[in-house]
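Q: This is the structure I have questions about; it appears just below.
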Amino acid sequence: GKRMTTRYPAIRVTDYELLRQREEALSLNERAWNLVYGCQPVSEICRGCFAHERLQRFHNNAGRASDPANRHQPVLLHDALNEPARWTTPQVVAVAPLADLFQPGVPTSFIGQVLKVIAAHPQHFFHITTRHHQRMREVLGRGRLPDNLSLGVAAEDAASYAERVPYLFDVGAVWRHVVLEPLLG
């Protein structure tokens, strides 16, 4: 018999489109708890982050002009600390998905408030992911974290994975996770 082969065209999706699709998928599975907008870059991978565009939109919607010199400085939304108390059904929550809670510009006291809110709402399950692994360890120490919290690191290649993952075991988290995106190597 004659063998048929089907050729499929190469599908190319830009990195930006993949990030948009991930953000949409995140919003379907996890509730975003936007406590912080803005993020200080950690590596070259931060250049293409979709959150930078979102930060510009946040400033525009709030009627603020964003200063290019300070565009990576985090903006804390203290009022958002009350949101989990208003959720009527159990939620899986992405904490500060458009920023990094452990970046140097977020005060330790604010991180402490976030952890108190998480502990006070055991019906919800929270995910915090960071690329600021050293500060995460510095802020959290070995103290026990709430049981309804998964603490994770993000890595983009083998080197960042090898550097960041060990820090997860230096903190008292019951649940830990790793986010590998965008995976460059």
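In the structure tokens, chains take letters A, B, ... by order of appearance, with residues numbered from 1 within each chain and ligands from 1 in the order shown.
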Please identify all polymer residues within 9 Å of Val179 of chain A, counting only C-alpha atoms, omitting same-chain residues fewer than 2 positions from it, and present them as a VMD selection string.
A: chain A and resid 129 152 to 156 177 181 to 182
Q: With only C-alpha atoms as the counted atoms, please give the residues lying no more than 12 Å from segment 106-122 of chain A, apart from itself and same-chain residues fewer than 6 positions off, as an MDAnalysis selection string.
A: chainID A and resid 33:40 72:96 99:100 128 132 135:141 143:151 173
Q: By how many Å are atom CA of Leu98 of chain A and atom CA of Arg142 of chain A apart?
A: 26.5 Å
Q: Enumerate the residues of segment 62-131 of chain A with a DSSP assignment of alpha helix (DSSP H), computed from the backbone, and present them as number ranges by chain.
A: A: 83-86, 108-120
Q: I'd like the interatomic distance between atom CA of Asp170 of chain A and atom CA of Phe126 of chain A, to a tenth of an Å.
A: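 About the pair atom CA of Asp170 of chain A and atom CA of Phe126 of chain A: they are 19.2 Å apart.
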Q: For a test of reading the model, state the distance in Å between atom CA of Ala32 of chain A and atom CA of Phe169 of chain A, rounded to one decimal.
A: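 Answer for the atom CA of Ala32 of chain A to atom CA of Phe169 of chain A separation: 25.5 Å.
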Q: Can you pull out every residue from segment 77-128 of chain A that DSSP, working from the backbone, puts in strand (DSSP E), and format the result as a PyMOL selection string?
A: chain A and resi 92-95+125-128
Q: Write to file, as a PDB file, in the first residue's frame, the residues of the selection just made, with N, CA, C and O atoms.
A:
```
ATOM      1  N   VAL A  92      -8.713  29.163  44.770  1.00  0.00           N
ATOM      2  CA  VAL A  92      -7.285  28.932  44.576  1.00  0.00           C
ATOM      3  C   VAL A  92      -6.758  30.272  44.075  1.00  0.00           C
ATOM      4  O   VAL A  92      -7.253  30.805  43.084  1.00  0.00           O
ATOM      5  N   VAL A  93      -5.788  30.826  44.767  1.00  0.00           N
ATOM      6  CA  VAL A  93      -5.422  32.225  44.583  1.00  0.00           C
ATOM      7  C   VAL A  93      -3.956  32.393  44.183  1.00  0.00           C
ATOM      8  O   VAL A  93      -3.063  31.851  44.838  1.00  0.00           O
ATOM      9  N   ALA A  94      -3.723  33.160  43.124  1.00  0.00           N
ATOM     10  CA  ALA A  94      -2.377  33.572  42.739  1.00  0.00           C
ATOM     11  C   ALA A  94      -2.122  34.928  43.401  1.00  0.00           C
ATOM     12  O   ALA A  94      -2.808  35.905  43.124  1.00  0.00           O
ATOM     13  N   VAL A  95      -1.148  34.974  44.286  1.00  0.00           N
ATOM     14  CA  VAL A  95      -0.837  36.196  45.032  1.00  0.00           C
ATOM     15  C   VAL A  95       0.088  37.072  44.198  1.00  0.00           C
ATOM     16  O   VAL A  95       1.155  36.641  43.777  1.00  0.00           O
ATOM     17  N   PHE A 125      -6.787  28.582  49.098  1.00  0.00           N
ATOM     18  CA  PHE A 125      -5.424  28.077  48.957  1.00  0.00           C
ATOM     19  C   PHE A 125      -4.644  29.076  48.107  1.00  0.00           C
ATOM     20  O   PHE A 125      -5.048  29.405  46.995  1.00  0.00           O
ATOM     21  N   PHE A 126      -3.527  29.567  48.621  1.00  0.00           N
ATOM     22  CA  PHE A 126      -2.762  30.644  48.015  1.00  0.00           C
ATOM     23  C   PHE A 126      -1.438  30.141  47.446  1.00  0.00           C
ATOM     24  O   PHE A 126      -0.779  29.305  48.059  1.00  0.00           O
ATOM     25  N   HIS A 127      -1.057  30.714  46.294  1.00  0.00           N
ATOM     26  CA  HIS A 127       0.241  30.445  45.676  1.00  0.00           C
ATOM     27  C   HIS A 127       1.029  31.749  45.608  1.00  0.00           C
ATOM     28  O   HIS A 127       0.519  32.740  45.096  1.00  0.00           O
ATOM     29  N   ILE A 128       2.228  31.732  46.132  1.00  0.00           N
ATOM     30  CA  ILE A 128       3.144  32.861  45.975  1.00  0.00           C
ATOM     31  C   ILE A 128       4.353  32.330  45.213  1.00  0.00           C
ATOM     32  O   ILE A 128       4.982  31.361  45.635  1.00  0.00           O
TER      33      ILE A 128
END
```
